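Engineer: File follows, run-v5.txt with compact mmCIF, C-alpha atoms (C1' of nucleotides):
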# COMPACT_ATOMS: atom_id res chain seq x y z
CA MET A 1 0.00 0.00 0.00
CA THR A 2 2.57 2.53 1.04
CA GLY A 3 4.90 1.93 -1.84
CA THR A 4 8.00 3.91 -1.03
CA ARG A 5 8.86 4.09 -4.71
CA GLY A 6 8.06 7.03 -6.87
CA TYR A 7 7.98 10.71 -6.26
CA HIS A 8 5.43 10.58 -3.50
CA HIS A 9 6.16 8.56 -0.45
CA GLY A 10 2.64 7.56 0.40
CA ASP A 11 2.65 7.93 4.16
CA LEU A 12 5.62 10.07 4.97
CA ARG A 13 4.15 11.65 8.05
CA ARG A 14 3.67 8.32 9.78
CA ALA A 15 7.01 7.01 8.55
CA LEU A 16 8.81 10.03 10.00
CA LEU A 17 7.10 9.69 13.38
CA ALA A 18 7.92 6.00 13.49
CA ALA A 19 11.54 6.68 12.60
CA ALA A 20 11.69 9.37 15.27
CA VAL A 21 10.49 6.89 17.87
CA ARG A 22 13.19 4.47 16.85
CA VAL A 23 15.95 7.08 16.95
CA ILE A 24 14.85 8.50 20.30
CA GLU A 25 14.71 5.04 21.83
CA GLU A 26 18.24 4.41 20.66
CA THR A 27 19.96 7.70 21.35
CA GLY A 28 17.57 10.06 23.09
CA PRO A 29 15.74 13.08 21.79
CA GLY A 30 18.84 15.25 21.81
CA ALA A 31 20.42 13.31 18.97
CA LEU A 32 17.35 13.54 16.81
CA SER A 33 18.02 15.01 13.37
CA LEU A 34 15.42 15.82 10.76
CA ARG A 35 17.91 15.02 8.04
CA ASP A 36 18.53 11.59 9.50
CA LEU A 37 14.81 10.88 9.66
CA ALA A 38 14.46 11.94 6.05
CA ARG A 39 17.29 9.61 5.07
CA ARG A 40 15.66 6.71 6.90
CA ALA A 41 12.39 7.37 5.09
CA GLY A 42 14.20 7.64 1.76
CA VAL A 43 13.20 11.22 1.02
CA SER A 44 15.10 14.46 0.70
CA HIS A 45 16.16 16.36 3.77
CA ALA A 46 13.55 19.07 3.27
CA ALA A 47 10.55 16.79 2.90
CA PRO A 48 9.72 16.69 6.64
CA ALA A 49 9.20 20.44 6.67
CA HIS A 50 6.06 20.06 4.62
CA HIS A 51 4.38 17.82 7.21
CA PHE A 52 5.62 19.32 10.45
CA GLY A 53 6.95 22.76 9.65
CA ASP A 54 10.06 22.34 11.77
CA LYS A 55 11.61 20.07 14.35
CA ALA A 56 9.44 21.41 17.15
CA GLY A 57 6.41 20.66 15.02
CA LEU A 58 7.42 17.03 14.64
CA LEU A 59 7.99 16.66 18.36
CA THR A 60 4.67 18.37 19.09
CA ALA A 61 2.95 15.73 17.00
CA LEU A 62 4.90 13.00 18.76
CA ALA A 63 4.00 14.35 22.21
CA ALA A 64 0.31 14.63 21.31
CA GLU A 65 0.33 11.07 20.02
CA GLY A 66 1.95 10.08 23.32
CA PHE A 67 -0.70 11.72 25.49
CA ASP A 68 -3.39 9.99 23.48
CA LEU A 69 -1.68 6.63 23.83
CA LEU A 70 -1.27 7.22 27.57
CA ALA A 71 -4.96 8.06 28.04
CA GLU A 72 -5.86 4.94 26.13
CA ALA A 73 -3.52 2.76 28.17
CA LEU A 74 -4.82 4.13 31.48
CA LEU A 75 -8.45 3.58 30.57
CA ALA A 76 -7.70 0.11 29.28
CA ALA A 77 -6.15 -0.81 32.63
CA GLY A 78 -9.52 -0.75 34.35
CA GLY A 79 -10.77 1.10 37.39
CA ASP A 80 -8.39 -0.09 40.08
CA LEU A 81 -5.92 2.60 41.08
CA LEU A 82 -3.10 0.14 41.55
CA ASP A 83 -3.60 -1.22 38.06
CA ARG A 84 -3.65 2.27 36.61
CA GLY A 85 -0.44 3.17 38.38
CA VAL A 86 1.23 0.09 36.98
CA ALA A 87 -0.18 0.94 33.56
CA TYR A 88 1.38 4.41 33.79
CA VAL A 89 4.81 2.94 34.44
CA ASP A 90 4.24 0.29 31.83
CA PHE A 91 3.44 2.96 29.27
CA ALA A 92 6.56 4.95 30.14
CA VAL A 93 8.79 1.91 29.74
CA GLY A 94 7.01 0.57 26.67
CA HIS A 95 6.77 3.92 24.90
CA ARG A 96 9.87 5.54 26.26
CA ALA A 97 10.36 7.78 23.23
CA HIS A 98 6.89 9.27 23.51
CA PHE A 99 7.19 9.55 27.27
CA GLU A 100 10.53 11.32 27.20
CA VAL A 101 9.27 13.92 24.77
CA MET A 102 5.91 14.44 26.46
CA PHE A 103 7.41 15.84 29.63
CA ARG A 104 10.02 17.96 27.92
CA PRO A 105 7.99 20.99 26.85
CA ASP A 106 11.10 22.89 25.85
CA LEU A 107 11.35 20.53 22.88
CA TYR A 108 7.98 21.29 21.34
CA ARG A 109 5.05 23.74 21.36
CA PRO A 110 3.06 23.08 24.52
CA GLU A 111 0.24 25.43 23.49
CA ALA A 112 -0.49 23.69 20.20
CA GLU A 113 -4.16 22.88 19.96
CA GLU A 114 -3.83 19.18 19.22
CA LEU A 115 -1.46 18.83 22.13
CA VAL A 116 -3.56 20.67 24.71
CA ALA A 117 -6.52 18.47 23.85
CA ALA A 118 -4.55 15.24 24.09
CA ARG A 119 -3.00 16.28 27.38
CA GLU A 120 -6.43 17.05 28.74
CA ARG A 121 -7.65 13.57 27.85
CA ALA A 122 -4.69 12.00 29.61
CA GLY A 123 -5.24 14.21 32.66
CA ASP A 124 -8.86 13.11 32.90
CA ALA A 125 -7.85 9.48 32.73
CA LEU A 126 -5.38 10.08 35.54
CA ARG A 127 -7.82 11.81 37.85
CA SER A 128 -10.70 9.45 37.26
CA GLY A 129 -8.57 6.64 38.63
CA VAL A 130 -8.35 8.27 42.03
CA ALA A 131 -12.09 8.80 42.21
CA ALA A 132 -12.51 5.04 42.43
CA LEU A 133 -10.68 4.78 45.73
CA PRO A 134 -12.65 3.31 48.64
CA GLU A 135 -14.66 5.83 50.60
CA GLY A 136 -13.45 5.25 54.10
CA ARG A 137 -9.81 6.17 53.52
CA PRO A 138 -8.13 8.71 55.81
CA THR A 139 -7.36 11.09 52.94
CA ALA A 140 -10.72 10.73 51.24
CA GLU A 141 -11.50 14.35 51.95
CA ASP A 142 -8.78 15.47 49.53
CA PRO A 143 -9.01 13.55 46.25
CA GLN A 144 -6.87 16.15 44.48
CA GLY A 145 -4.10 15.48 46.95
CA ASP A 146 -4.52 11.77 46.32
CA ALA A 147 -4.26 12.32 42.59
CA LEU A 148 -1.16 14.48 42.93
CA ALA A 149 0.56 11.98 45.20
CA ALA A 150 -0.32 9.07 42.95
CA TRP A 151 0.83 10.86 39.82
CA SER A 152 4.04 11.92 41.52
CA ILE A 153 4.98 8.46 42.71
CA VAL A 154 4.35 6.67 39.42
CA HIS A 155 5.90 9.44 37.37
CA GLY A 156 8.95 9.54 39.61
CA PHE A 157 9.40 5.81 39.52
CA ALA A 158 9.04 5.77 35.75
CA THR A 159 11.56 8.56 35.13
CA LEU A 160 14.05 7.12 37.57
CA TRP A 161 13.70 3.74 35.90
CA LEU A 162 14.18 5.22 32.45
CA SER A 163 17.17 7.30 33.46
CA GLY A 164 18.89 4.20 34.80
CA ALA A 165 19.37 5.83 38.18
CA LEU A 166 17.80 2.99 40.16
CA PRO A 167 20.09 0.46 41.82
CA ALA A 168 20.19 -3.01 40.34
CA ARG A 169 18.52 -4.57 43.36
CA VAL A 170 15.17 -3.11 42.30
CA GLY A 171 15.05 -5.89 39.76
CA GLU A 172 14.31 -6.12 36.09
CA ASP A 173 10.53 -6.08 36.04
CA PRO A 174 9.24 -2.53 36.17
CA ARG A 175 5.62 -3.63 36.52
CA ALA A 176 6.27 -5.65 39.65
CA ALA A 177 8.45 -3.00 41.24
CA ALA A 178 5.93 -0.30 40.39
CA ARG A 179 3.14 -2.26 42.01
CA VAL A 180 5.06 -2.50 45.26
CA VAL A 181 5.81 1.20 45.24
CA VAL A 182 2.26 2.32 44.53
CA HIS A 183 0.89 -0.10 47.09
CA ARG A 184 3.00 1.66 49.69
CA LEU A 185 1.18 4.92 48.99
CA PHE A 186 -2.30 3.35 49.06
CA PRO A 187 -2.10 0.39 51.42
CA GLU A 188 -5.22 -1.69 51.73
CA PRO A 189 -7.15 -1.05 54.92
CA MET B 1 40.45 38.80 40.68
CA THR B 2 39.18 37.03 37.63
CA GLY B 3 40.20 39.74 35.21
CA THR B 4 38.68 38.79 31.92
CA ARG B 5 41.22 40.91 30.07
CA GLY B 6 44.33 39.53 28.50
CA TYR B 7 45.10 36.28 26.84
CA HIS B 8 44.18 34.09 29.76
CA HIS B 9 40.71 34.25 31.15
CA GLY B 10 41.57 33.43 34.73
CA ASP B 11 38.75 31.09 35.64
CA LEU B 12 37.28 29.96 32.38
CA ARG B 13 36.15 26.58 33.60
CA ARG B 14 33.94 28.05 36.29
CA ALA B 15 32.73 30.82 34.00
CA LEU B 16 31.65 28.29 31.39
CA LEU B 17 29.78 26.16 33.91
CA ALA B 18 28.03 29.22 35.31
CA ALA B 19 27.06 30.37 31.83
CA ALA B 20 25.78 26.88 31.05
CA VAL B 21 23.55 26.99 34.12
CA ARG B 22 22.13 30.30 33.01
CA VAL B 23 21.47 29.14 29.46
CA ILE B 24 19.87 25.86 30.55
CA GLU B 25 17.61 27.66 33.01
CA GLU B 26 16.46 29.95 30.22
CA THR B 27 16.10 27.59 27.30
CA GLY B 28 16.77 24.04 28.42
CA PRO B 29 19.76 21.80 27.83
CA GLY B 30 18.86 21.16 24.22
CA ALA B 31 19.62 24.72 23.21
CA LEU B 32 23.04 24.67 24.84
CA SER B 33 25.87 25.63 22.50
CA LEU B 34 29.54 25.56 23.33
CA ARG B 35 30.13 28.47 21.01
CA ASP B 36 27.51 30.54 22.76
CA LEU B 37 29.08 29.78 26.12
CA ALA B 38 32.45 30.82 24.75
CA ARG B 39 30.98 34.07 23.49
CA ARG B 40 29.43 34.80 26.86
CA ALA B 41 32.76 34.21 28.55
CA GLY B 42 34.54 36.39 26.01
CA VAL B 43 36.84 33.70 24.66
CA SER B 44 37.22 32.02 21.30
CA HIS B 45 34.91 29.24 20.21
CA ALA B 46 37.49 26.52 20.77
CA ALA B 47 38.56 27.50 24.28
CA PRO B 48 36.01 25.27 26.07
CA ALA B 49 37.51 22.19 24.47
CA HIS B 50 40.63 22.57 26.53
CA HIS B 51 38.74 22.32 29.82
CA PHE B 52 36.03 19.83 29.00
CA GLY B 53 37.09 18.05 25.83
CA ASP B 54 33.67 18.23 24.25
CA LYS B 55 30.07 19.07 25.03
CA ALA B 56 29.45 15.81 26.86
CA GLY B 57 32.47 16.58 29.01
CA LEU B 58 31.04 19.90 30.07
CA LEU B 59 27.69 18.35 30.93
CA THR B 60 29.44 15.56 32.83
CA ALA B 61 31.11 18.16 35.00
CA LEU B 62 27.80 19.96 35.46
CA ALA B 63 26.02 16.74 36.46
CA ALA B 64 28.75 15.80 38.92
CA GLU B 65 28.57 19.25 40.48
CA GLY B 66 24.81 18.77 40.72
CA PHE B 67 25.03 15.44 42.55
CA ASP B 68 27.46 17.00 45.01
CA LEU B 69 25.18 19.97 45.59
CA LEU B 70 22.24 17.60 46.07
CA ALA B 71 24.08 15.49 48.64
CA GLU B 72 25.04 18.65 50.47
CA ALA B 73 21.48 19.98 50.45
CA LEU B 74 20.03 16.69 51.70
CA LEU B 75 22.47 16.41 54.56
CA ALA B 76 21.95 20.05 55.50
CA ALA B 77 18.20 19.44 55.79
CA GLY B 78 18.66 17.35 58.93
CA GLY B 79 17.54 13.85 59.81
CA ASP B 80 13.78 14.10 59.37
CA LEU B 81 12.57 12.27 56.28
CA LEU B 82 9.90 14.85 55.55
CA ASP B 83 12.47 17.63 55.63
CA ARG B 84 14.77 15.71 53.35
CA GLY B 85 12.00 15.12 50.87
CA VAL B 86 11.21 18.80 50.81
CA ALA B 87 14.91 19.55 50.43
CA TYR B 88 15.05 17.25 47.39
CA VAL B 89 12.25 19.14 45.69
CA ASP B 90 13.73 22.45 46.78
CA PHE B 91 17.02 21.49 45.20
CA ALA B 92 15.36 20.52 41.94
CA VAL B 93 13.49 23.82 41.73
CA GLY B 94 16.38 25.96 42.93
CA HIS B 95 19.01 24.24 40.76
CA ARG B 96 16.84 23.27 37.88
CA ALA B 97 19.69 23.37 35.37
CA HIS B 98 21.79 20.92 37.35
CA PHE B 99 18.77 18.73 38.09
CA GLU B 100 17.66 18.53 34.49
CA VAL B 101 21.08 17.42 33.34
CA MET B 102 21.69 14.98 36.20
CA PHE B 103 18.87 12.68 35.16
CA ARG B 104 19.58 12.81 31.43
CA PRO B 105 22.46 10.37 31.10
CA ASP B 106 22.18 10.52 27.33
CA LEU B 107 23.62 14.02 27.55
CA TYR B 108 26.86 13.16 29.31
CA ARG B 109 29.19 10.32 30.29
CA PRO B 110 27.53 8.43 33.13
CA GLU B 111 30.58 6.27 33.78
CA ALA B 112 32.99 9.15 34.33
CA GLU B 113 34.86 8.70 37.58
CA GLU B 114 34.03 12.07 39.09
CA LEU B 115 30.39 11.52 38.30
CA VAL B 116 30.09 8.03 39.72
CA ALA B 117 31.61 9.21 42.99
CA ALA B 118 29.32 12.22 43.26
CA ARG B 119 26.25 10.14 42.45
CA GLU B 120 27.25 7.69 45.15
CA ARG B 121 27.44 10.46 47.72
CA ALA B 122 23.99 11.69 46.78
CA GLY B 123 22.63 8.14 46.93
CA ASP B 124 23.99 7.68 50.44
CA ALA B 125 22.38 10.90 51.56
CA LEU B 126 19.08 9.70 50.14
CA ARG B 127 19.13 6.31 51.82
CA SER B 128 20.33 7.53 55.18
CA GLY B 129 17.19 9.62 55.44
CA VAL B 130 14.96 6.56 55.39
CA ALA B 131 16.98 4.85 58.10
CA ALA B 132 15.78 7.51 60.52
CA LEU B 133 12.14 6.50 60.23
CA PRO B 134 10.41 5.41 63.45
CA GLU B 135 10.76 1.75 64.25
CA GLY B 136 7.18 0.68 64.64
CA ARG B 137 6.02 1.46 61.13
CA PRO B 138 4.22 -1.19 59.11
CA THR B 139 6.83 -1.22 56.34
CA ALA B 140 9.82 -1.10 58.68
CA GLU B 141 10.84 -4.55 57.50
CA ASP B 142 11.66 -3.20 54.06
CA PRO B 143 13.72 -0.02 54.30
CA GLN B 144 14.83 -0.35 50.69
CA GLY B 145 11.22 -0.26 49.62
CA ASP B 146 10.72 2.81 51.76
CA ALA B 147 13.69 4.50 50.15
CA LEU B 148 12.51 3.66 46.65
CA ALA B 149 9.00 4.92 47.32
CA ALA B 150 10.27 8.11 48.94
CA TRP B 151 12.71 8.79 46.14
CA SER B 152 10.05 8.11 43.53
CA ILE B 153 7.49 10.45 45.02
CA VAL B 154 9.81 13.41 45.53
CA HIS B 155 11.51 12.89 42.19
CA GLY B 156 8.18 12.60 40.41
CA PHE B 157 6.78 15.68 42.07
CA ALA B 158 9.92 17.64 41.24
CA THR B 159 10.00 16.65 37.57
CA LEU B 160 6.28 17.26 37.12
CA TRP B 161 6.68 20.66 38.74
CA LEU B 162 9.62 21.56 36.53
CA SER B 163 7.94 20.37 33.36
CA GLY B 164 4.98 22.63 34.09
CA ALA B 165 2.60 19.69 33.84
CA LEU B 166 0.93 20.27 37.20
CA PRO B 167 -2.41 22.07 37.26
CA ALA B 168 -2.45 25.60 38.63
CA ARG B 169 -4.44 24.63 41.70
CA VAL B 170 -1.39 22.94 43.22
CA GLY B 171 -0.23 26.43 44.10
CA GLU B 172 2.95 28.37 43.71
CA ASP B 173 5.00 27.14 46.63
CA PRO B 174 6.74 23.88 45.72
CA ARG B 175 7.99 23.36 49.28
CA ALA B 176 4.54 23.42 50.81
CA ALA B 177 3.02 21.22 48.11
CA ALA B 178 5.91 18.77 48.38
CA ARG B 179 5.46 18.50 52.11
CA VAL B 180 1.83 17.53 51.70
CA VAL B 181 2.66 14.93 49.09
CA VAL B 182 5.45 13.28 51.06
CA HIS B 183 3.36 13.31 54.20
CA ARG B 184 0.79 11.23 52.38
CA LEU B 185 3.37 8.52 51.81
CA PHE B 186 4.62 8.52 55.41
CA PRO B 187 1.71 9.60 57.58
CA GLU B 188 2.41 9.98 61.26
CA PRO B 189 1.12 7.09 63.36
C1' DG C 1 66.86 34.24 30.14
C1' DT C 2 65.54 29.98 28.63
C1' DG C 3 62.64 26.06 28.44
C1' DT C 4 58.25 24.05 29.48
C1' DC C 5 53.58 23.61 29.81
C1' DA C 6 48.84 24.87 30.33
C1' DT C 7 45.89 27.92 28.14
C1' DC C 8 43.77 30.24 24.40
C1' DT C 9 43.31 31.59 19.09
C1' DT C 10 42.77 30.88 14.23
C1' DG C 11 41.43 28.10 10.51
C1' DT C 12 38.91 24.35 8.74
C1' DC C 13 35.42 20.59 7.93
C1' DA C 14 31.13 17.97 7.85
C1' DA C 15 26.47 18.02 9.61
C1' DC C 16 22.57 20.44 10.95
C1' DG C 17 17.97 23.42 10.79
C1' DG C 18 15.56 26.26 8.05
C1' DA C 19 14.05 29.05 3.96
C1' DA C 20 13.28 29.69 -1.00
C1' DA C 21 12.12 28.24 -5.39
C1' DG C 22 11.22 24.74 -8.57
C1' DA C 23 9.60 19.94 -10.07
C1' DT C 24 6.17 16.19 -10.03
C1' DA C 25 2.02 13.54 -9.40
C1' DG C 26 -2.69 12.85 -8.99
C1' DG C 27 -7.25 14.58 -8.88
C1' DC C 28 -10.77 17.99 -10.35
C1' DT C 29 -13.56 20.66 -13.53
C1' DC C 30 -15.44 21.52 -17.73
C1' DG D 1 -9.22 14.67 -22.45
C1' DA D 2 -7.23 19.15 -21.75
C1' DG D 3 -6.09 22.33 -18.69
C1' DC D 4 -5.55 23.60 -14.04
C1' DC D 5 -4.90 23.08 -9.01
C1' DT D 6 -2.97 21.63 -4.93
C1' DA D 7 -0.35 18.70 -2.00
C1' DT D 8 3.88 16.66 -1.91
C1' DC D 9 8.70 16.25 -2.61
C1' DT D 10 13.51 18.03 -4.54
C1' DT D 11 17.30 21.19 -5.20
C1' DT D 12 19.90 24.85 -3.71
C1' DC D 13 21.48 27.95 -0.46
C1' DC D 14 22.72 30.31 4.11
C1' DG D 15 24.10 30.74 8.84
C1' DT D 16 25.25 27.92 12.96
C1' DT D 17 27.14 24.16 15.40
C1' DG D 18 30.63 20.50 17.32
C1' DA D 19 34.96 18.88 16.64
C1' DC D 20 39.69 18.79 15.21
C1' DA D 21 44.46 20.54 14.00
C1' DA D 22 48.08 23.72 14.27
C1' DG D 23 49.89 27.73 16.01
C1' DA D 24 50.24 31.80 19.40
C1' DT D 25 50.62 33.49 24.14
C1' DG D 26 51.83 33.96 28.78
C1' DA D 27 53.00 32.14 33.50
C1' DC D 28 56.27 29.79 35.99
C1' DA D 29 60.38 27.03 37.29
C1' DC D 30 65.10 26.76 37.23
Could you render the structure as structure tokens?

Structural biologist:
Amino acid sequence: MTGTRGYHHGDLRRALLAAAVRVIEETGPGALSLRDLARRAGVSHAAPAHHFGDKAGLLTALAAEGFDLLAEALLAAGGDLLDRGVAYVDFAVGHRAHFEVMFRPDLYRPEAEELVAARERAGDALRSGVAALPEGRPTAEDPQGDALAAWSIVHGFATLWLSGALPARVGEDPRAAARVVVHRLFPEP
Amino acid sequence: MTGTRGYHHGDLRRALLAAAVRVIEETGPGALSLRDLARRAGVSHAAPAHHFGDKAGLLTALAAEGFDLLAEALLAAGGDLLDRGVAYVDFAVGHRAHFEVMFRPDLYRPEAEELVAARERAGDALRSGVAALPEGRPTAEDPQGDALAAWSIVHGFATLWLSGALPARVGEDPRAAARVVVHRLFPEP
DNA sequence: GTGTCATCTTGTCAACGGAAAGATAGGCTC
DNA sequence: GAGCCTATCTTTCCGTTGACAAGATGACAC
């Protein structure tokens, strides 16, 4: 379908985003080069400009895609807060390129319309997880505080894991380790 | 003392690091340019190479300095875990340039000797805070889990704060908000 | 005053991001 | 089916960057 032969690529926009994910996973977003992406897609170095304007435009699209994927992953994890926390970490590890760009607003245009909307969807998915906590908890009077604490702990664990700062004894399974950590914040009664 | 006149700068290494901190605080580490730093210090574009080798060398030095400053700040905060957590966030906000580089190992050389040593000092300061927790706590049997959870929650809060992802209702005082969040992880008995 | 060495300069190169202007393909109208 | 239109991609160019090489300068020891 997407014959890469001929003058027109067919699906260059998607090909560039996919290549960007690969490059970022290998070498981080700092080493990303539009010219390299164009080479990987088999087009000239100026072709990306038509789809994304500039580098920040490409990363804006990548970040927006990431927030949408995150919202999807959180909702798919079900209503249990513990499961959603694990899903958050799982998303960060499984989509590390998206995740790294999403929380680096200096790399893209945080006010872009598509991005604001996607971020909003992800934020809703985050907050709605906390609403499902049991009623009788000691901090039930402050669900926003619960949400902030939950987001902080899973986000912190995920970034520390990705940056390789965690000691080896934490293990090799991020899902299991994340579950233990989140459980410590919301112990069962 | 550091007369910038004449052939020799006097304290170019420090001047470059200070300029790097300023630039990163303004525009993030991605926009950092050795040539710009050299211009700000009033030297030629190749002068930085003598002190740091290359860009990664400069950022390695900056990260190492950051881990040392963090260890210092944590120890200065005293033995209380809550205070140390707040100090961690306070460091991230107050030294955002250092903090942003420290946890981006793709930007520098994580195996550099000076850096490994500094990171070790900061890690010790982190863990020794958890050791001071009261004995009778439910999770007292797993101090490593406590340390991981504490590190995750303060690190997550700090990075979310710095990335501007937190909603406005969290307020404008990171210290106060951090205290509330950490307190939720280690409530008093 | 001579040698030595760390420090800094000048000159150069390939790669990059971005802009401008032109080429091509495929679809649309009549 | 002829002409046109528009999105897509190419070619060319400019200023900037990181890195390297070779040379200039000054501080300091002896």

Engineer: Enumerate, in order of chain and increasing residue number, the residues of chain B with an atom no farther than 10 Å from chain A, each with its shortest atom pair and distance in Å to one decimal, counting only C-alpha atoms, as a tab-separated table.

Structural biologist:
residue	atom	partner	partner_atom	distance
B:Glu26	CA	A:Asp106	CA	9.9
B:Thr27	CA	A:Asp106	CA	7.0
B:Gly28	CA	A:Asp106	CA	6.3
B:Pro29	CA	A:Gly30	CA	8.9
B:Gly30	CA	A:Gly30	CA	6.4
B:Ala31	CA	A:Asp106	CA	9.1
B:Met102	CA	A:Ser163	CA	9.3
B:Phe103	CA	A:Ser163	CA	5.9
B:Arg104	CA	A:Ser163	CA	6.3
B:Pro105	CA	A:Ser163	CA	6.6
B:Asp106	CA	A:Gly28	CA	6.3
B:Leu107	CA	A:Gly30	CA	7.6
B:Pro110	CA	A:Gly164	CA	9.8
B:Arg119	CA	A:Ala165	CA	9.2
B:Gly123	CA	A:Pro167	CA	9.6
B:Pro138	CA	A:Arg184	CA	9.9
B:Thr139	CA	A:Arg184	CA	8.2
B:Gln144	CA	A:Val170	CA	8.8
B:Gly145	CA	A:Val181	CA	7.1
B:Asp146	CA	A:Arg184	CA	8.1
B:Ala147	CA	A:Val181	CA	9.9
B:Leu148	CA	A:Val181	CA	7.3
B:Ala149	CA	A:Val181	CA	5.3
B:Ala150	CA	A:Ile153	CA	8.2
B:Trp151	CA	A:Gly156	CA	7.6
B:Ser152	CA	A:Gly156	CA	4.3
B:Ile153	CA	A:Ile153	CA	3.9
B:Val154	CA	A:Gly156	CA	7.1
B:His155	CA	A:Gly156	CA	4.9
B:Gly156	CA	A:Gly156	CA	3.3
B:Phe157	CA	A:Ser152	CA	4.7
B:Ala158	CA	A:Ser152	CA	8.2
B:Thr159	CA	A:Gly156	CA	7.5
B:Leu160	CA	A:Ser152	CA	7.3
B:Trp161	CA	A:Ser152	CA	9.5
B:Leu162	CA	A:Phe103	CA	9.2
B:Ser163	CA	A:Phe103	CA	5.9
B:Gly164	CA	A:Pro105	CA	8.0
B:Ala165	CA	A:Phe103	CA	7.5
B:Leu166	CA	A:Leu148	CA	8.4
B:Pro167	CA	A:Gly123	CA	9.5
B:Arg169	CA	A:Gln144	CA	9.2
B:Val170	CA	A:Leu148	CA	8.5
B:Ala177	CA	A:Gly145	CA	9.2
B:Ala178	CA	A:Ala149	CA	9.2
B:Val180	CA	A:Gly145	CA	7.9
B:Val181	CA	A:Ala149	CA	5.3
B:Val182	CA	A:Ala149	CA	7.7
B:His183	CA	A:Ala149	CA	9.5
B:Arg184	CA	A:Leu185	CA	7.2
B:Leu185	CA	A:Leu185	CA	5.1
B:Phe186	CA	A:Leu185	CA	8.1
B:Pro187	CA	A:Leu185	CA	9.8

Engineer: Using only C-alpha atoms (C1' of nucleotides), which of the listed residues (D:DC9, D:DC4, D:DA21, D:DC14) sits closest to chain B?

Structural biologist: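 Answer, going by the shortest atom-to-atom distance: D:DA21.
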
Engineer: Enumerate, as a PyMOL selection string, the protein, DNA and RNA residues whose atoms approach (27.7, 26.5, 21.3) to within 9 Å, taking into account all atoms listed in the file and the coordinate frame of the file.

Structural biologist: (chain B and resi 31-39+45+55) or (chain D and resi 16-18)

Engineer: Would you list which chain C residues are within 9 Å of chain B using all atoms listed in the file, as a list in words?

Structural biologist: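 Residues passing the distance filter: DT7, DC8 and DT9 of chain C.
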
Engineer: Would you kindly return, as a PyMOL selection string, each protein, DNA or RNA residue with an atom no farther than 9 Å from any atom of segment 141-143 of chain B, considering only C-alpha atoms (C1' of nucleotides) and excluding same-chain residues fewer than 6 positions away?

Structural biologist: chain B and resi 127+130-131+133

Engineer: From the list A:Val23, A:Leu115, A:Ala49, A:Val89, which residue is nearest chain D when using all atoms listed in the file?

Structural biologist: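 With all atoms listed in the file as the atom set, the closest residue is A:Ala49.
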
Engineer: What is the atom CA of Glu65 of chain A to atom C1' of DA7 of chain D distance in Å?

Structural biologist: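 According to the coordinates, atom CA of Glu65 of chain A and atom C1' of DA7 of chain D are separated by 23.3 Å.
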
Engineer: Of the residues A:Gly42, A:Phe99, A:Gly79, A:Glu25, which is the one nearest to chain D, using all atoms listed in the file?

Structural biologist: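 Result for the nearest residue to chain D: A:Gly42.
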